[in-house]
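Since the structure comes first, as structure tokens, the remarks are kept for the end.
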Amino acid sequence: MSSENIRPLATTALLAIAEVKAATEAFNRGDANLFDALDAIAVAIQMFQAAARPEGHREAA
């Protein structure tokens, strides 16, 4: 991984962590049920994994 890709990937990782934390807090407050919280966490992980893939392996939108 080149050094120019590390900063955007780190930013994406932090955003994914923030999404997981927000989903967890919403569940703890009772604002989201378990399935909604788990879905939000799964989406955050999938978005990070998509961003972490090398450019040549990304799927077309």
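Residue numbering restarts at 1 for every chain of the structure tokens, chains are lettered A, B, ... in their displayed order, and ligands are numbered from 1 as they appear.
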
Requested in this report: Fewer than 6 positions away in the same chain doesn't count, so skip those; otherwise give me all residues within 12 Å of Ala18 of chain A, counting only C-alpha atoms, as an MDAnalysis selection string.
Outcome: chainID A and resid 11:12 24:25 40:41 44:45 48

Can you write out the residues you just picked, keeping N, CA and C atoms, as a PDB file, in the first residue's frame?
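Listed below is the output, result.pdb:
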```
ATOM      1  N   THR A  11      -8.730   7.627   7.452  1.00  0.00           N
ATOM      2  CA  THR A  11      -9.933   8.437   7.624  1.00  0.00           C
ATOM      3  C   THR A  11     -11.181   7.572   7.480  1.00  0.00           C
ATOM      4  N   THR A  12     -11.170   6.692   6.495  1.00  0.00           N
ATOM      5  CA  THR A  12     -12.294   5.790   6.295  1.00  0.00           C
ATOM      6  C   THR A  12     -12.464   4.856   7.488  1.00  0.00           C
ATOM      7  N   THR A  24     -24.081   1.516  18.238  1.00  0.00           N
ATOM      8  CA  THR A  24     -24.081   0.930  19.576  1.00  0.00           C
ATOM      9  C   THR A  24     -24.767   1.848  20.576  1.00  0.00           C
ATOM     10  N   GLU A  25     -24.475   3.133  20.499  1.00  0.00           N
ATOM     11  CA  GLU A  25     -25.091   4.088  21.418  1.00  0.00           C
ATOM     12  C   GLU A  25     -26.596   4.206  21.179  1.00  0.00           C
ATOM     13  N   ALA A  40     -26.525  -1.547  10.718  1.00  0.00           N
ATOM     14  CA  ALA A  40     -25.682  -0.356  10.584  1.00  0.00           C
ATOM     15  C   ALA A  40     -24.209  -0.710  10.747  1.00  0.00           C
ATOM     16  N   ILE A  41     -23.910  -1.605  11.680  1.00  0.00           N
ATOM     17  CA  ILE A  41     -22.531  -2.035  11.892  1.00  0.00           C
ATOM     18  C   ILE A  41     -22.025  -2.811  10.682  1.00  0.00           C
ATOM     19  N   ALA A  44     -21.275  -0.418   7.841  1.00  0.00           N
ATOM     20  CA  ALA A  44     -20.032   0.328   8.089  1.00  0.00           C
ATOM     21  C   ALA A  44     -18.811  -0.532   7.776  1.00  0.00           C
ATOM     22  N   ILE A  45     -18.862  -1.792   8.164  1.00  0.00           N
ATOM     23  CA  ILE A  45     -17.743  -2.695   7.885  1.00  0.00           C
ATOM     24  C   ILE A  45     -17.606  -2.936   6.391  1.00  0.00           C
ATOM     25  N   PHE A  48     -16.023   0.068   4.715  1.00  0.00           N
ATOM     26  CA  PHE A  48     -14.584   0.121   4.956  1.00  0.00           C
ATOM     27  C   PHE A  48     -13.860  -0.906   4.096  1.00  0.00           C
TER      28      PHE A  48
END
```

Query raised in the report: What lies within 9 Å of Ala37 of chain A using only C-alpha atoms, ignoring chain neighbours under 2 positions off, as number ranges by chain?
Result: A: 20, 22-24, 26-27, 32-35, 39-42
